[in-house]
Amino acid sequence: MYLYSLTLSRASAITCAIYGNFSAAKVQEIVVSRGKVLELLRPDEQGKVQVIYSTEVFGVIRSLQPFRFPGAQQDYVIAGSDSGRVVILQYSKEKNEFVKVHQETFGKSGCRRIVPGEFVAADPKGRACLVGAVEKAKFVYVLNRDNEANLTISSPLEAHKSHNIVFSRAAPALPPSAHVMEAMPFPKTCLEPIVGLDMGFDNPVFAAIELDYAEADQDPTGEAASEAQKHLTLYELDLGLNHVVRKYSEPVDNGANLLVPVPGGGDGPGGVLVCAENFVIYAAPDHPELRAVIPRRTSLPAERGVLLTCAASHKQKNMFFVLVQSEYGDLYKVSLDYEGETVRELRVKYFDTIPPANSICVLRKGFLFAASEFGDHALYQFQALGDDDAVEASSSTLMETEEGFQPVFFEPRPLANLELIDRMESLCPILDMKVANLLGEEIPQIYAACGRGARSTLRVLRPGLAVTEMAVSPLPGNPTAVWTVKRSQADEYDAYIVVSFTNATLVLSIGETVEEVNDSGFNGNVPTSRVQLLADDSMLQMRPVPIVFVEGLCGDSFGCSPTACATSGQTGASTSGGPPQRRTIVRATSNERQAVIALSGGELIYFELNVQGMLIEAEKREMGGDVASLDVAPVPEGRQRSRFLAVGMYDNTVRVLSLDPEDTMKVLATQAAPATPESVLLLDSPSAAVSGSEEGAGAGALFLQVGLANGVLLRTEVDRITGQLSDTRTRFLGTKAPKLFGVPVRGSRSMLALSSRPWLGYSGMGKFNLVPMSYEALDYASGFSSEQCPEGFVAVAKNTLRVLTIERLGEFFNQQALRLRYTPRKFTIHPDHKVLLIAESDHQAIPLAERSDLAAQPNGMDTDHANGAAAPHQASQPLSLVAIVTLSPALGPEADEESAAREEQYGAPKGEPGTWASCIRVVDPAALRTTCCLELDSNEAALSMCLASFEGGRELGTLLCVGTAQGLKFYPRECQGGFVRVYRVLDGGKSLELLHKTPVGGIPGAMAAFKGRLVVGVNNVLRLYDLGAGHAALWGLGLGVGKKRLLKKCEYWKFPSHVSTISVSGSRLYVGDAQESLFYLKYKKSDNRFYVFADDIVPRHVTAALPLDYDTVAGADKFGNLFVSRLPADVSQQVEEDPTGGKYAQQTGQLGGAPNRLETVINFHVGETITSLQRAAMQPGGREVVLYSTLLGGIGALLPFTSREDVDFFQHLEMHMRQEHPPLMGRDHMSYRQGAGRGGSAYFPVKDVVDGDLCEQYSQLTADKQRQVAEELDRTPGECMKKLEDVRNRII
């Protein structure tokens, strides 16, 4: 077995974000880390955050820090990773990529305590940087420039101190998925315990929060550990002596976790802000400490502190301020009252409340970017700087009492100083995922349970770009075509929309409103075949019979003699002529200087705009048959004409004709097509003249796109010199013949293909991307540009005119979302009713019935609803920029738009530690709304669920079984009691009825249906339950809940740790343990017992498992490793034919293990914790792939190879890419894909998996390297790109 691994949607979580001028001066941009992906973001003029560049670094990005040399206009990026190297990056605007400027090795690879890279700090003047580890090690590098202004870096200067820990981590959050407990590590909050202080041009100084544990390490009683004290330590780099000294170390509050440097050197007093639990402290050498309490919410329990988790500072000429955010999402403005270097007062004022973020960035253009911990990221605009009378704490008013310092309270409020202007959708964390076609569409939908707490959602993902409707207007009939045209070539925006009908033309003027005009000069009484703005600002209108020139001069018209056509130079005047008698214009195309028409019978007539501004006939040609389609490309910059004309014929051929004066209308190339070419389009590669890194750069930068009648798109390279065609690629787009249109995308001409659904083809990230759009079928389209919509499309569909725009390029999936009440743990799909059943639960959450803040609301939860009765439906409504649909019944805060928005901003109220709130939700996927929601009582947490049909309850149908734990605790893992709740689905899947709940005496971490019974993993025990004979009959007698329960049939108690997954195939069970990998079991019905007949050879912390066949299981562990284990065929046969039923085999195991061992056939390190594995075919008639979801919100696929030739090609391509395109962060690709195990050690070598993400970076190589690699593979660069494109198209 060989697999091809490909990331379909990169991780959407942002673990760290920095801001600066990375591409040019005065261009505010954000560089973000998404675990193993580095991205450059930039807000556009409309306030939309656009992804400018994104790349996989094949390593873990641990820290990022910007720096700039004095007098420079561009920022560099210092990155710390798991490569054991410090890397300095610079963004190249010409190449549109980050370029590695310097790379310095300092330690071992991997995320280790004593290997630096966890923290990076830079001197504000760009003279030095410090790279630190969690424990002991710190290196300081001197940064400088040589005579050619190139960056240079010194040898590292050590600032080590043994038995010393750098403290940065806030209180750990509860893991989001209780069924795997501690098996899911979360990305660290991007705190800064080491910072570079602003010292002006004095020696650079770095500050750190440290703790010396030398005494605690030697004290077995633990007293020294309880008395350990944190210190604020300053390290000074002496530039003269070239060494680092420990200049200052003073005790600091033991709750300190974050440092924020204060501007100095004339811009401020200098020093540092120490953010501690409940306090903000100003500290500086030879300066008294100033302390101010952090204002806290009135609803916050007294025993809970307030921790600050991220900060951002903003400096102007005459002022500066610092914004800090607490773990609850509250923003505070920290300001100083100072004179010179003396600070008189420290003030902390409540600013606003937004969802908790890993990083916040304040941009100079008045934006605040918040990289949320969970849920969508957001871009806000400043409306004020917090100069109102909000609650404020000050060091001058600090009061100390016997119980401590006097707190300051406030109530969260709606946004007052910020305004939300954009959202970036995030799936983090995906806790469960299912793939199913519940809506009867062409391709299945991906359903993902995402988020945490009140910000949780159920997302429905469809492959395709999200489309925003800017306007939709009805038309008086069904139009045949639409165009947009400017008044002048110098205009930025379009002036008219021209809509053609079968017998008339409608002209609309574009302004603040779009309205019909009659004085445009266009003839509205006839249909239109083509509209074009010419180079001399004349407007050209082509009609099926005559041609009309508006606001310009004309020479020979279509087929007319030179004397038969009048001319006029008056504004608004027009002249017209006609083709030869009994011949009509069937096709037409044009650009700003050229026009071509095709007459019935197959005659082509070519016109050019001469230097006098007259459109004259240049050449004619008989094609020998009727013409099906025409296209001429825009005139290249600096040229007088476009070189080629593409002609599609009804004889199933496509021809390329020359338009050069020397060989006008000469056929240069002919290509046979399998069907009629209904549409053709000549498309340039936008980077052809700029860089050699774009696909097809150089001689092959022109592409001919052909839409065939059978719904297939052909894409062929056109040689710019000879016009010869080569490297044809095909893609099935839909059941209708694609109509192809040239539209602007990011300033470059791209392709819009309209078939049974629309597709967009554009160049980006070094390759041509052809992706579907999540929108209904369109009939005709054209580019559109206005002040309100600078880049979009105008299209017609039936009798409507629509203005559309693409929200974000590069986003592979379009999303719809449904708000949930608590964190989703598991969900399943009912096979008969086609509904989703979701188990939700949250720790320290207040059950809905106990919510005092909801009691006074008239739309609170009804008793009938609480008992599971279905409520009337409510129309779904979109929320903001994310398609979040409101729930149907008034079930809770998520059902009401205002309450849901308030909880999304503030978060839900917190309960006491050890309390849980849970609910079971039924969702109709067609309407995407809740039809039933049951709250669980008795402090139970819903952890697992499945659907089961019991032999003793066939009359009840398929039942829903939910595993719950009462009073669940994690450290140690225990609970007051566990239960299995059994529900019956009623009313066609619209409501639930509780039949009974059965005590199980532990944590039911996993369950599955097995041969008319239920298998439940309770702690480390596997149990088999049955409904019992005559159970359904007893239920009909009216016995209440609690009178019945599931009957325990047998159990197996020898699992080492905790049952995390259970899968069933035939008579076998595949059980995943939380620490000891997979076990294969069989159930002997005659003996009523389970026995293990095979287990794995290595320990794995299993988080997901998926049977591939009877002997093979795919699994994943919490360290980000994906594996496939298989039982040898001979062993499998012995197990099935064992006459003892497994008794003998069970007795032959040694050292407590199973008698047989599984073989590992696949090993691959994904780099993120995998939470779900699914099998699905993602396109009609496509092959099945294995889809996986990750904790950071990523989705990937594994495609099995079908031929040895493909395996050899991609393995050799991967080998060459490792050499020619090493990872950006300096990590060795092979060692990264080996994976991690216990303690972070890499001991799972990659086996039989090709890294598609690395192979797809082939398009980012220069043209010379592409050619060199292709020659080594005995292929051309085009053939290599075609193989990569084909394998991606097989997946989705």
# chains A, B, ... in the order shown; residues from 1 in each chain; ligands from 1

call {"tool": "residues_around", "arguments": {"residues": "Asn21 in chain A", "least_positions_apart": "3", "cutoff": "10 Å", "atoms": "only C-alpha atoms", "output": "JSON list (two decimals) with N, CA, C and O atoms, in the first residue's frame"}}
result
[["chain", "number", "residue", "atom", "x", "y", "z"],
["A", 24, "ALA", "N", 6.86, 46.47, 1.81],
["A", 24, "ALA", "CA", 7.25, 47.81, 1.38],
["A", 24, "ALA", "C", 6.99, 48.78, 2.51],
["A", 24, "ALA", "O", 6.34, 48.45, 3.51],
["A", 25, "ALA", "N", 7.50, 50.00, 2.36],
["A", 25, "ALA", "CA", 7.29, 51.02, 3.38],
["A", 25, "ALA", "C", 5.82, 51.41, 3.44],
["A", 25, "ALA", "O", 5.12, 51.44, 2.43],
["A", 26, "LYS", "N", 5.34, 51.66, 4.65],
["A", 26, "LYS", "CA", 3.99, 52.14, 4.92],
["A", 26, "LYS", "C", 2.91, 51.17, 4.48],
["A", 26, "LYS", "O", 1.76, 51.56, 4.28],
["A", 27, "VAL", "N", 3.26, 49.91, 4.32],
["A", 27, "VAL", "CA", 2.27, 48.87, 4.03],
["A", 27, "VAL", "C", 2.15, 47.99, 5.26],
["A", 27, "VAL", "O", 3.04, 47.21, 5.56],
["A", 28, "GLN", "N", 1.07, 48.18, 6.01],
["A", 28, "GLN", "CA", 0.88, 47.44, 7.24],
["A", 28, "GLN", "C", 0.43, 46.01, 6.94],
["A", 28, "GLN", "O", -0.59, 45.80, 6.29],
["A", 29, "GLU", "N", 1.22, 45.05, 7.42],
["A", 29, "GLU", "CA", 0.93, 43.64, 7.15],
["A", 29, "GLU", "C", 1.10, 42.82, 8.41],
["A", 29, "GLU", "O", 1.70, 43.28, 9.40],
["A", 30, "ILE", "N", 0.59, 41.63, 8.37],
["A", 30, "ILE", "CA", 0.60, 40.73, 9.52],
["A", 30, "ILE", "C", 1.20, 39.41, 9.06],
["A", 30, "ILE", "O", 0.79, 38.86, 8.04],
["A", 31, "VAL", "N", 2.17, 38.92, 9.81],
["A", 31, "VAL", "CA", 2.72, 37.59, 9.57],
["A", 31, "VAL", "C", 2.20, 36.68, 10.67],
["A", 31, "VAL", "O", 2.33, 37.00, 11.86],
["A", 66, "PRO", "N", 9.43, 40.47, 14.69],
["A", 66, "PRO", "CA", 9.92, 41.37, 13.63],
["A", 66, "PRO", "C", 11.07, 42.24, 14.15],
["A", 66, "PRO", "O", 11.19, 42.51, 15.34],
["A", 67, "PHE", "N", 11.91, 42.68, 13.23],
["A", 67, "PHE", "CA", 12.92, 43.68, 13.58],
["A", 67, "PHE", "C", 13.30, 44.44, 12.33],
["A", 67, "PHE", "O", 13.12, 43.99, 11.20],
["A", 68, "ARG", "N", 13.84, 45.65, 12.57],
["A", 68, "ARG", "CA", 14.21, 46.54, 11.46],
["A", 68, "ARG", "C", 15.47, 47.29, 11.83],
["A", 68, "ARG", "O", 15.64, 47.74, 12.96],
["A", 73, "GLN", "N", 13.33, 50.64, 5.61],
["A", 73, "GLN", "CA", 11.90, 50.79, 5.34],
["A", 73, "GLN", "C", 11.13, 49.48, 5.42],
["A", 73, "GLN", "O", 9.92, 49.47, 5.28],
["A", 74, "GLN", "N", 11.86, 48.37, 5.62],
["A", 74, "GLN", "CA", 11.23, 47.06, 5.57],
["A", 74, "GLN", "C", 11.65, 46.25, 6.77],
["A", 74, "GLN", "O", 12.79, 46.33, 7.23],
["A", 75, "ASP", "N", 10.72, 45.45, 7.28],
["A", 75, "ASP", "CA", 10.99, 44.62, 8.45],
["A", 75, "ASP", "C", 11.42, 43.22, 8.04],
["A", 75, "ASP", "O", 10.96, 42.67, 7.03],
["A", 76, "TYR", "N", 12.31, 42.65, 8.85],
["A", 76, "TYR", "CA", 12.67, 41.24, 8.75],
["A", 76, "TYR", "C", 11.85, 40.46, 9.76],
["A", 76, "TYR", "O", 11.24, 41.02, 10.67],
["A", 91, "TYR", "N", 10.64, 39.21, 3.14],
["A", 91, "TYR", "CA", 9.64, 38.99, 2.10],
["A", 91, "TYR", "C", 10.06, 39.69, 0.82],
["A", 91, "TYR", "O", 10.40, 40.88, 0.82]]

call {"tool": "residues_around", "arguments": {"residues": "Asn799 in chain A", "least_positions_apart": "2", "cutoff": "8 Å", "atoms": "only C-alpha atoms", "output": "VMD selection string"}}
result
chain A and resid 474 to 479 796 to 797 801

call {"tool": "atom_distance", "arguments": {"atom1": "CA of Ser92 in chain A", "atom2": "CA of Arg639 in chain A"}}
result
28.4 Å

call {"tool": "residues_around", "arguments": {"residues": "Ala17 in chain A", "least_positions_apart": "5", "cutoff": "12 Å", "atoms": "only C-alpha atoms", "output": "MDAnalysis selection string"}}
result
chainID A and resid 29:35 38:41 61:66 77 79 189:192 310:312 357:362 368:373 377

call {"tool": "residues_around", "arguments": {"residues": "range 449-463 of chain A", "least_positions_apart": "6", "cutoff": "9 Å", "atoms": "only C-alpha atoms", "output": "short mmCIF file (atom, residue, chain, number, x, y, z; two decimals) with N, CA, C and O atoms, in the first residue's frame"}}
result
data_model
loop_
_atom_site.label_atom_id
_atom_site.label_comp_id
_atom_site.auth_asym_id
_atom_site.auth_seq_id
_atom_site.Cartn_x
_atom_site.Cartn_y
_atom_site.Cartn_z
N PRO A 176 -10.45 20.30 25.12
CA PRO A 176 -11.77 20.48 24.55
C PRO A 176 -12.53 19.19 24.35
O PRO A 176 -13.72 19.20 24.21
N PRO A 355 -13.62 38.17 21.76
CA PRO A 355 -13.25 36.79 22.10
C PRO A 355 -11.77 36.67 22.45
O PRO A 355 -10.93 37.37 21.88
N PHE A 374 -10.11 30.20 19.83
CA PHE A 374 -11.06 29.26 19.23
C PHE A 374 -12.09 30.07 18.45
O PHE A 374 -12.54 31.10 18.90
N GLY A 375 -12.44 29.58 17.29
CA GLY A 375 -13.42 30.31 16.50
C GLY A 375 -12.76 31.27 15.52
O GLY A 375 -11.54 31.26 15.32
N SER A 426 -12.46 30.23 10.97
CA SER A 426 -11.54 29.29 11.60
C SER A 426 -12.33 28.08 12.09
O SER A 426 -13.39 28.23 12.71
N LEU A 427 -11.81 26.91 11.82
CA LEU A 427 -12.44 25.67 12.27
C LEU A 427 -11.86 25.18 13.59
O LEU A 427 -12.30 24.14 14.09
N CYS A 428 -10.87 25.86 14.11
CA CYS A 428 -10.17 25.38 15.30
C CYS A 428 -11.05 25.45 16.53
O CYS A 428 -11.64 26.49 16.82
N PRO A 429 -11.12 24.37 17.33
CA PRO A 429 -10.62 23.04 17.01
C PRO A 429 -11.72 22.18 16.40
O PRO A 429 -12.88 22.31 16.75
N ILE A 430 -11.36 21.31 15.46
CA ILE A 430 -12.33 20.32 14.95
C ILE A 430 -12.29 19.12 15.89
O ILE A 430 -11.27 18.45 16.01
N LEU A 431 -13.39 18.88 16.56
CA LEU A 431 -13.46 17.80 17.55
C LEU A 431 -14.06 16.52 16.98
O LEU A 431 -13.81 15.44 17.52
N ASP A 432 -14.83 16.63 15.93
CA ASP A 432 -15.36 15.45 15.26
C ASP A 432 -15.75 15.85 13.85
O ASP A 432 -16.08 17.03 13.59
N MET A 433 -15.73 14.89 12.95
CA MET A 433 -16.02 15.17 11.54
C MET A 433 -16.70 13.96 10.91
O MET A 433 -16.34 12.82 11.21
N LYS A 434 -17.66 14.23 10.05
CA LYS A 434 -18.34 13.19 9.28
C LYS A 434 -18.48 13.68 7.84
O LYS A 434 -18.63 14.89 7.59
N ILE A 443 -21.59 16.38 -4.84
CA ILE A 443 -20.51 15.86 -4.01
C ILE A 443 -20.97 15.87 -2.56
O ILE A 443 -21.84 16.66 -2.17
N VAL A 771 -10.82 26.24 -9.28
CA VAL A 771 -11.62 25.84 -8.13
C VAL A 771 -13.09 26.19 -8.37
O VAL A 771 -13.41 27.18 -9.04
N PRO A 772 -14.00 25.38 -7.86
CA PRO A 772 -15.43 25.69 -8.02
C PRO A 772 -15.84 26.83 -7.12
O PRO A 772 -15.20 27.13 -6.10
N MET A 773 -16.91 27.47 -7.48
CA MET A 773 -17.50 28.53 -6.67
C MET A 773 -18.80 28.00 -6.07
O MET A 773 -19.58 27.33 -6.76
N SER A 774 -18.99 28.27 -4.81
CA SER A 774 -20.20 27.80 -4.13
C SER A 774 -21.36 28.72 -4.45
O SER A 774 -21.75 29.60 -3.67
N PHE A 812 -10.25 26.88 0.52
CA PHE A 812 -10.66 25.75 -0.31
C PHE A 812 -12.12 25.37 -0.07
O PHE A 812 -12.77 24.87 -0.97
N PHE A 813 -12.64 25.62 1.13
CA PHE A 813 -14.00 25.20 1.46
C PHE A 813 -14.86 26.42 1.74
O PHE A 813 -14.42 27.38 2.38
N ASN A 814 -16.09 26.34 1.28
CA ASN A 814 -17.10 27.32 1.65
C ASN A 814 -17.85 26.78 2.87
O ASN A 814 -18.16 25.59 2.94
N GLN A 815 -18.15 27.65 3.81
CA GLN A 815 -18.68 27.20 5.09
C GLN A 815 -20.06 27.79 5.37
O GLN A 815 -20.34 28.94 5.04
N GLN A 816 -20.88 26.96 5.98
CA GLN A 816 -22.08 27.41 6.68
C GLN A 816 -21.96 26.94 8.11
O GLN A 816 -21.36 25.88 8.37
N ALA A 817 -22.51 27.69 9.03
CA ALA A 817 -22.32 27.35 10.43
C ALA A 817 -23.61 27.49 11.21
O ALA A 817 -24.46 28.33 10.91
N LEU A 818 -23.75 26.63 12.20
CA LEU A 818 -24.88 26.65 13.12
C LEU A 818 -24.33 26.79 14.53
O LEU A 818 -23.45 26.03 14.94
N ARG A 819 -24.82 27.76 15.26
CA ARG A 819 -24.35 27.97 16.63
C ARG A 819 -24.76 26.81 17.53
O ARG A 819 -25.87 26.30 17.43
N LEU A 820 -23.86 26.46 18.43
CA LEU A 820 -24.14 25.44 19.43
C LEU A 820 -24.05 26.07 20.82
O LEU A 820 -23.52 27.18 20.99
N ARG A 821 -24.52 25.33 21.81
CA ARG A 821 -24.57 25.88 23.17
C ARG A 821 -23.30 25.57 23.94
O ARG A 821 -22.77 26.45 24.63
N TYR A 822 -22.83 24.34 23.86
CA TYR A 822 -21.64 23.92 24.58
C TYR A 822 -20.64 23.33 23.59
O TYR A 822 -20.90 23.24 22.38
N THR A 823 -19.50 22.92 24.08
CA THR A 823 -18.47 22.33 23.24
C THR A 823 -18.95 20.99 22.68
O THR A 823 -19.31 20.11 23.46
N PRO A 824 -18.96 20.82 21.37
CA PRO A 824 -19.41 19.52 20.81
C PRO A 824 -18.34 18.45 21.05
O PRO A 824 -17.16 18.66 20.77
N ARG A 825 -18.76 17.31 21.57
CA ARG A 825 -17.82 16.22 21.85
C ARG A 825 -17.86 15.16 20.75
O ARG A 825 -16.83 14.74 20.26
N LYS A 826 -19.04 14.74 20.38
CA LYS A 826 -19.22 13.74 19.35
C LYS A 826 -20.54 14.02 18.64
O LYS A 826 -21.46 14.62 19.21
N PHE A 827 -20.65 13.56 17.39
CA PHE A 827 -21.94 13.58 16.74
C PHE A 827 -22.02 12.42 15.76
O PHE A 827 -20.99 11.83 15.37
N ILE A 838 -26.02 15.48 18.04
CA ILE A 838 -24.79 16.05 18.57
C ILE A 838 -24.82 16.00 20.09
O ILE A 838 -25.81 16.38 20.73
N SER A 841 -21.03 19.28 25.74
CA SER A 841 -20.82 19.41 27.18
C SER A 841 -19.69 20.39 27.44
O SER A 841 -18.80 20.56 26.61
N ASP A 842 -19.76 21.04 28.60
CA ASP A 842 -18.74 22.02 29.00
C ASP A 842 -18.49 21.93 30.49
O ASP A 842 -19.43 21.74 31.28
N HIS A 843 -17.22 22.07 30.86
CA HIS A 843 -16.85 22.12 32.26
C HIS A 843 -16.98 23.55 32.77
O HIS A 843 -16.75 24.52 32.03
N ALA A 845 -19.59 25.14 33.31
CA ALA A 845 -20.69 25.82 32.63
C ALA A 845 -21.94 25.70 33.49
O ALA A 845 -22.11 24.73 34.23
N ILE A 884 -23.75 32.01 9.57
CA ILE A 884 -24.23 31.32 10.77
C ILE A 884 -25.75 31.43 10.80
O ILE A 884 -26.31 32.51 10.71
N PRO A 893 -29.58 30.68 24.69
CA PRO A 893 -28.96 31.89 24.15
C PRO A 893 -28.57 31.77 22.69
O PRO A 893 -28.56 32.75 21.97
N GLU A 894 -28.24 30.54 22.23
CA GLU A 894 -27.84 30.37 20.83
C GLU A 894 -29.01 30.52 19.88
O GLU A 894 -28.83 30.66 18.66
N ALA A 900 -27.11 35.37 21.34
CA ALA A 900 -25.99 34.62 20.78
C ALA A 900 -24.81 35.54 20.50
O ALA A 900 -23.66 35.19 20.78
N GLU A 903 -23.16 36.41 23.86
CA GLU A 903 -22.34 35.34 24.42
C GLU A 903 -21.09 35.09 23.59
O GLU A 903 -20.06 34.70 24.12
N GLU A 904 -21.18 35.29 22.29
CA GLU A 904 -19.99 35.14 21.46
C GLU A 904 -18.95 36.19 21.82
O GLU A 904 -17.76 35.94 21.80
N GLN A 905 -19.41 37.37 22.18
CA GLN A 905 -18.48 38.44 22.55
C GLN A 905 -17.96 38.27 23.97
O GLN A 905 -16.75 38.33 24.20
N GLY A 907 -18.61 35.56 26.16
CA GLY A 907 -18.47 34.22 26.71
C GLY A 907 -19.62 33.91 27.66
O GLY A 907 -20.31 34.80 28.15
N ALA A 908 -19.85 32.63 27.91
CA ALA A 908 -20.93 32.22 28.80
C ALA A 908 -20.49 32.39 30.26
O ALA A 908 -19.30 32.33 30.58
N PRO A 925 -30.10 18.94 8.63
CA PRO A 925 -29.04 19.50 7.80
C PRO A 925 -29.55 20.26 6.59
O PRO A 925 -28.85 21.14 6.08
N LEU A 928 -30.46 23.45 8.19
CA LEU A 928 -29.40 23.79 9.14
C LEU A 928 -29.97 24.52 10.35
O LEU A 928 -29.66 25.67 10.66
N GLY A 1193 -7.73 22.75 13.14
CA GLY A 1193 -8.69 23.15 12.13
C GLY A 1193 -8.29 22.82 10.71
O GLY A 1193 -8.84 23.41 9.77
N ILE A 1292 -10.28 15.60 -5.21
CA ILE A 1292 -11.44 16.50 -5.03
C ILE A 1292 -11.58 17.40 -6.24
O ILE A 1292 -10.59 17.71 -6.91
#

call {"tool": "closest_residue", "arguments": {"among": "A:Ala1177, A:Ile114, A:Ala849, A:Ala302", "to": "Lys161 in chain A", "atoms": "only C-alpha atoms"}}
result
A:Ile114

call {"tool": "closest_residue", "arguments": {"among": "A:Val274, A:Ile597, A:Ile1291, A:Ala128", "to": "Val1185 in chain A", "atoms": "only C-alpha atoms"}}
result
A:Ile1291

call {"tool": "select_by_dssp", "arguments": {"residues": "range 1058-1143 of chain A", "states": "strand (DSSP E)", "output": "ChimeraX atom specification"}}
result
/A:1059-1065,1068-1073,1077-1084,1089-1095,1102-1107,1112-1117,1121-1126

call {"tool": "atom_distance", "arguments": {"atom1": "CA of Glu1137 in chain A", "atom2": "CA of Ser949 in chain A"}}
result
28.5 Å

call {"tool": "residues_around", "arguments": {"residues": "Val1186 in chain A", "least_positions_apart": "6", "cutoff": "6 Å", "atoms": "only C-alpha atoms", "output": "ChimeraX atom specification"}}
result
/A:1174-1175,1197-1198

call {"tool": "residues_around", "arguments": {"residues": "Pro444 in chain A", "least_positions_apart": "5", "cutoff": "7 Å", "atoms": "only C-alpha atoms", "output": "PyMOL selection string"}}
result
chain A and resi 435-437+1178

call {"tool": "write_last_selection", "arguments": {"atoms": "N, CA and C atoms", "output": "PDB file, in the first residue's frame"}}
result
ATOM      1  N   VAL A 435     -18.451  12.744   6.899  1.00  0.00           N
ATOM      2  CA  VAL A 435     -18.632  13.062   5.481  1.00  0.00           C
ATOM      3  C   VAL A 435     -19.847  12.287   4.980  1.00  0.00           C
ATOM      4  N   ALA A 436     -20.827  13.008   4.450  1.00  0.00           N
ATOM      5  CA  ALA A 436     -22.053  12.361   3.961  1.00  0.00           C
ATOM      6  C   ALA A 436     -22.751  13.304   2.997  1.00  0.00           C
ATOM      7  N   ASN A 437     -23.481  12.735   2.057  1.00  0.00           N
ATOM      8  CA  ASN A 437     -24.269  13.533   1.119  1.00  0.00           C
ATOM      9  C   ASN A 437     -25.722  13.495   1.577  1.00  0.00           C
ATOM     10  N   MET A1178     -14.942  12.101  -2.831  1.00  0.00           N
ATOM     11  CA  MET A1178     -15.274  13.518  -2.806  1.00  0.00           C
ATOM     12  C   MET A1178     -15.689  14.067  -4.167  1.00  0.00           C
TER      13      MET A1178
END

call {"tool": "residues_around", "arguments": {"residues": "Val635 in chain A", "least_positions_apart": "5", "cutoff": "10 Å", "atoms": "only C-alpha atoms", "output": "PyMOL selection string"}}
result
chain A and resi 535+591-594+640-643

call {"tool": "select_by_dssp", "arguments": {"residues": "range 117-344 of chain A", "states": "alpha helix (DSSP H)", "output": "PyMOL selection string"}}
result
chain A and resi 214-218+223-226

call {"tool": "write_last_selection", "arguments": {"atoms": "C-alpha atoms", "output": "short mmCIF file (atom, residue, chain, number, x, y, z; two decimals), in the first residue's frame"}}
result
data_model
loop_
_atom_site.label_atom_id
_atom_site.label_comp_id
_atom_site.auth_asym_id
_atom_site.auth_seq_id
_atom_site.Cartn_x
_atom_site.Cartn_y
_atom_site.Cartn_z
CA ALA A 214 18.07 24.60 42.16
CA GLU A 215 17.00 24.48 45.82
CA ALA A 216 13.62 22.95 44.99
CA ASP A 217 15.37 20.22 43.02
CA GLN A 218 17.42 19.21 46.05
CA GLU A 223 8.99 23.22 50.98
CA ALA A 224 11.57 24.89 48.74
CA ALA A 225 9.30 24.41 45.74
CA SER A 226 6.42 26.12 47.52
#
